[in-house]
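**Student:** One structure is given below, represented as structure tokens, and several questions about it will come after.
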Amino acid sequence: MKPKSDIENVVATLAARQPAGGSNRKLTGPERAAVLLLALGDQYGSKIWQLLDDDELRTLSIVMSTLGTVPAEAVEGLMLEFVSRLSASGALMGTYDATERLLQQYLPPERVTGIMDEIRGPAGRNMWEKLSNVQEEMLANYLKNEYPQTVAVVLSKLKPEQSAKVLAILPEDVGMDVVNRMLRMESVQKEVIERVEQTLRTEFMSSLSQTRRRDAHELIAEVFNNFDRQTETRFMTALEETNRESSERIKSLMFTFDDLIKLDNASAQTLMRHIDKDKLAIALKGASEPVRNFFLSNMSTRAAKMLQDDMSALGPVRLREVDEAQALLVNLAKDLAGKGEIMITKNRADEELVY
């Protein structure tokens, strides 16, 4: 009689056991496949990986990297169903690093990099979405040293608003050359796009961490924006005593509730359409007279009267509730501005008329 192999012995042992209970988690099809391949490991899983297409690899890799801990009894139940080899560790942990190491065993490095870049984020699912999160100045500084045709390819793949900002920063002669090339550009071969992506990944994206770090005043301004009123006052007062110059710089960079009066009328009305009326009433309850009048002036007479009645009916409101409502309004304004639905003007100079 032919001796049994290791995997046959494992299957026979598992088959003799009763299914273990205790886990109510229902795994989806992709999750079950991910558990199976993690359990098979390097020795038995390579042939399966080689048979998967790109879409299957992407789906399976995403599921595997976010799988988390799968109880040993659940793994054992799946092995009984799949008639496969249970890993020696029992429970399995699916992580980004484990997934990447496993993929590296069977796939070319560039394919692994592409798959893991899509999974990891958070800047975007692909190179072009990642570039949309890069400051235009940094991107323009890199592209100005590239061939104009390469720059034209890159800008043709970006969103128009970002391409416009980059073109405005590039030297004028370079920018016009790029525009002319974009006008003449027809369909770009897939191989050209892939080469540009690879160059951006290896030469630009990988070097971002070594470029100039973000301005510390901008970072602190964002931190202060998220303080409640009392905490912000406490920190700002202390900073004014120790470093007046930095405190003034941070104030100029902060976007506060009072800055909302710099919105144009259309933006203010768009903002109010997106905010819960109860939250708006609380926010304006603790607002200064100019801010309150600004919002009321951007409403119909009837709506303004109803809002004032709501504010009167609120009675005394805790300062914490006012701070939270005002912070909600500020963050909503930033979100809408990010989507291009409203325009935020922080610098008064931007509002000056040129004759």
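In the structure tokens, chains take the letters A, B, ... in the order shown, each chain's residues start at 1, and ligands count up from 1 in the order shown.
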With only C-alpha atoms as the counted atoms, please give the residues lying no more than 6 Å from segment 148-163 of chain A, apart from itself and same-chain residues fewer than 2 positions off, as a ChimeraX atom specification.
**Tutor:** /A:165-166,178,182
**Student:** Produce a file of the selected residues containing N, CA and C atoms, as a PDB file, in the first residue's frame.
**Tutor:**
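The new file again_29.pdb reads:
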ATOM      1  N   LYS A 165      -3.259  74.462 -11.839  1.00  0.00           N
ATOM      2  CA  LYS A 165      -2.392  75.022 -10.804  1.00  0.00           C
ATOM      3  C   LYS A 165      -0.928  74.713 -11.083  1.00  0.00           C
ATOM      4  N   VAL A 166      -0.652  73.505 -11.572  1.00  0.00           N
ATOM      5  CA  VAL A 166       0.728  73.135 -11.883  1.00  0.00           C
ATOM      6  C   VAL A 166       1.246  73.967 -13.058  1.00  0.00           C
ATOM      7  N   VAL A 178       4.217  72.563 -22.995  1.00  0.00           N
ATOM      8  CA  VAL A 178       3.398  71.449 -22.500  1.00  0.00           C
ATOM      9  C   VAL A 178       1.971  71.551 -23.025  1.00  0.00           C
ATOM     10  N   MET A 182      -0.015  68.862 -25.271  1.00  0.00           N
ATOM     11  CA  MET A 182      -1.290  68.286 -24.851  1.00  0.00           C
ATOM     12  C   MET A 182      -2.340  68.434 -25.950  1.00  0.00           C
TER      13      MET A 182
END
**Student:** I'd like to know which of A:Phe235, A:Asp259, A:Ser246, A:Asp228 is closest to Ala325 of chain A, using only C-alpha atoms.
**Tutor:**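 Selected residue with least distance to Ala325 of chain A: A:Asp228.
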**Student:** Of the candidates A:Leu314, A:Thr256, A:Val188, A:Ser300, which one gets nearest to Val330 of chain A if we count only C-alpha atoms?
**Tutor:**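 Nearest candidate to Val330 of chain A out of A:Leu314, A:Thr256, A:Val188, A:Ser300: A:Thr256.
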**Student:** I want to know what sits within 7 Å of His217 of chain A, based on only C-alpha atoms, with residues of the same chain fewer than 4 positions away left out; could you give that as JSON, numbers by chain?
**Tutor:** {"A": [221, 249, 250]}
**Student:** If you count only C-alpha atoms, which residues fall within 12 Å of segment 260-269 of chain A, apart from same-chain ones fewer than 4 positions away, as number ranges by chain?
**Tutor:** A: 254-256, 273-275, 283-284, 287-300, 303, 326-327, 329-334, 336-337, 340-351
**Student:** Can you pull out the residues contacting Leu307 of chain A? Cut-off 8 Å, using only C-alpha atoms, and skip same-chain residues under 4 positions away; I want them as JSON, numbers by chain.
**Tutor:** {"A": [277, 281, 303, 311]}
**Student:** Could you save those same residues with N, CA and C atoms as a PDB file, in the first residue's frame?
**Tutor:**
ATOM      1  N   LYS A 277     -30.703  72.923  10.800  1.00  0.00           N
ATOM      2  CA  LYS A 277     -31.154  74.223  11.292  1.00  0.00           C
ATOM      3  C   LYS A 277     -31.005  74.349  12.807  1.00  0.00           C
ATOM      4  N   ALA A 281     -28.805  77.304  14.640  1.00  0.00           N
ATOM      5  CA  ALA A 281     -29.355  78.159  15.697  1.00  0.00           C
ATOM      6  C   ALA A 281     -28.426  78.191  16.911  1.00  0.00           C
ATOM      7  N   ALA A 303     -37.464  83.031   6.700  1.00  0.00           N
ATOM      8  CA  ALA A 303     -36.518  82.068   7.269  1.00  0.00           C
ATOM      9  C   ALA A 303     -35.705  82.702   8.385  1.00  0.00           C
ATOM     10  N   MET A 311     -33.707  80.547  18.021  1.00  0.00           N
ATOM     11  CA  MET A 311     -32.620  80.938  18.912  1.00  0.00           C
ATOM     12  C   MET A 311     -33.163  81.418  20.248  1.00  0.00           C
TER      13      MET A 311
END
**Student:** Using only C-alpha atoms, which residue out of A:Leu27, A:Ile220, A:Val179, A:Ala34 lies closest to Arg58 of chain A?
**Tutor:** A:Ala34
**Student:** In Å to one decimal, how far is atom CA of Lys339 of chain A from atom CA of Arg181 of chain A?
**Tutor:**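 A separation of 29.2 Å between them.
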**Student:** Can you list every residue in segment 150-253 of chain A that DSSP puts in alpha helix (DSSP H), as JSON, numbers by chain?
**Tutor:** {"A": [150, 151, 152, 153, 154, 155, 156, 157, 160, 161, 162, 163, 164, 165, 166, 167, 168, 169, 172, 173, 174, 175, 176, 177, 178, 179, 180, 181, 182, 183, 184, 190, 191, 192, 193, 194, 195, 196, 197, 198, 199, 216, 217, 218, 219, 220, 221, 222, 223, 224, 225, 229, 230, 231, 232, 233, 234, 235, 236, 237, 238, 239, 240, 241, 242, 244, 245, 246, 247, 248, 249, 250, 251, 252, 253]}
**Student:** Considering only C-alpha atoms, state which residue in the set A:Ser312, A:Ile62, A:Trp49, A:Phe204 is at the smallest distance from Val134 of chain A.
**Tutor:**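 Checking each candidate against Val134 of chain A, we get A:Phe204 as the closest.
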**Student:** Could you tell me which of A:Glu222, A:Glu76, A:Ala33, A:Ile169 comes closest to Leu139 of chain A if we count only C-alpha atoms?
**Tutor:**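 Of A:Glu222, A:Glu76, A:Ala33, A:Ile169, the one nearest Leu139 of chain A, counting only C-alpha atoms, is A:Ile169.
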**Student:** List as JSON, numbers by chain the protein and nucleic acid residues near Ile115 of chain A, meaning an atom at most 9 Å away when only C-alpha atoms are counted, but skip any in the same chain fewer than 4 places from it.
**Tutor:** {"A": [54, 57, 58, 61, 62, 100, 110, 111, 119, 120]}
**Student:** Using only N, CA, C and O atoms, please write the residues we just selected to a file, as an mmCIF file, in the first residue's frame.
**Tutor:**
data_model
loop_
_atom_site.group_PDB
_atom_site.id
_atom_site.type_symbol
_atom_site.label_atom_id
_atom_site.label_comp_id
_atom_site.auth_asym_id
_atom_site.auth_seq_id
_atom_site.Cartn_x
_atom_site.Cartn_y
_atom_site.Cartn_z
ATOM 1 N N ASP A 54 -5.573 39.392 -12.650
ATOM 2 C CA ASP A 54 -5.313 40.609 -11.882
ATOM 3 C C ASP A 54 -6.496 40.998 -11.001
ATOM 4 O O ASP A 54 -6.316 41.406 -9.844
ATOM 5 N N LEU A 57 -6.633 38.664 -8.077
ATOM 6 C CA LEU A 57 -5.534 38.978 -7.157
ATOM 7 C C LEU A 57 -5.847 40.212 -6.326
ATOM 8 O O LEU A 57 -5.608 40.239 -5.114
ATOM 9 N N ARG A 58 -6.390 41.237 -6.996
ATOM 10 C CA ARG A 58 -6.690 42.482 -6.295
ATOM 11 C C ARG A 58 -7.766 42.262 -5.237
ATOM 12 O O ARG A 58 -7.622 42.674 -4.083
ATOM 13 N N SER A 61 -6.380 40.063 -2.386
ATOM 14 C CA SER A 61 -5.368 40.747 -1.588
ATOM 15 C C SER A 61 -6.002 41.754 -0.645
ATOM 16 O O SER A 61 -5.582 41.893 0.502
ATOM 17 N N ILE A 62 -7.025 42.492 -1.144
ATOM 18 C CA ILE A 62 -7.717 43.463 -0.291
ATOM 19 C C ILE A 62 -8.363 42.757 0.889
ATOM 20 O O ILE A 62 -8.246 43.178 2.045
ATOM 21 N N GLU A 100 1.736 41.139 1.710
ATOM 22 C CA GLU A 100 2.797 41.566 0.800
ATOM 23 C C GLU A 100 3.897 40.518 0.711
ATOM 24 O O GLU A 100 4.389 40.208 -0.376
ATOM 25 N N GLU A 110 6.990 44.585 -9.402
ATOM 26 C CA GLU A 110 6.169 45.723 -9.814
ATOM 27 C C GLU A 110 4.676 45.438 -9.657
ATOM 28 O O GLU A 110 3.889 46.326 -9.340
ATOM 29 N N ARG A 111 4.273 44.181 -9.853
ATOM 30 C CA ARG A 111 2.858 43.839 -9.668
ATOM 31 C C ARG A 111 2.481 43.882 -8.193
ATOM 32 O O ARG A 111 1.405 44.350 -7.821
ATOM 33 N N ILE A 119 -4.156 48.874 -2.093
ATOM 34 C CA ILE A 119 -4.750 48.447 -0.825
ATOM 35 C C ILE A 119 -4.456 49.438 0.289
ATOM 36 O O ILE A 119 -5.326 49.823 1.062
ATOM 37 N N ARG A 120 -3.220 49.853 0.373
ATOM 38 C CA ARG A 120 -2.784 50.645 1.508
ATOM 39 C C ARG A 120 -3.399 52.036 1.542
ATOM 40 O O ARG A 120 -3.803 52.536 2.579
#
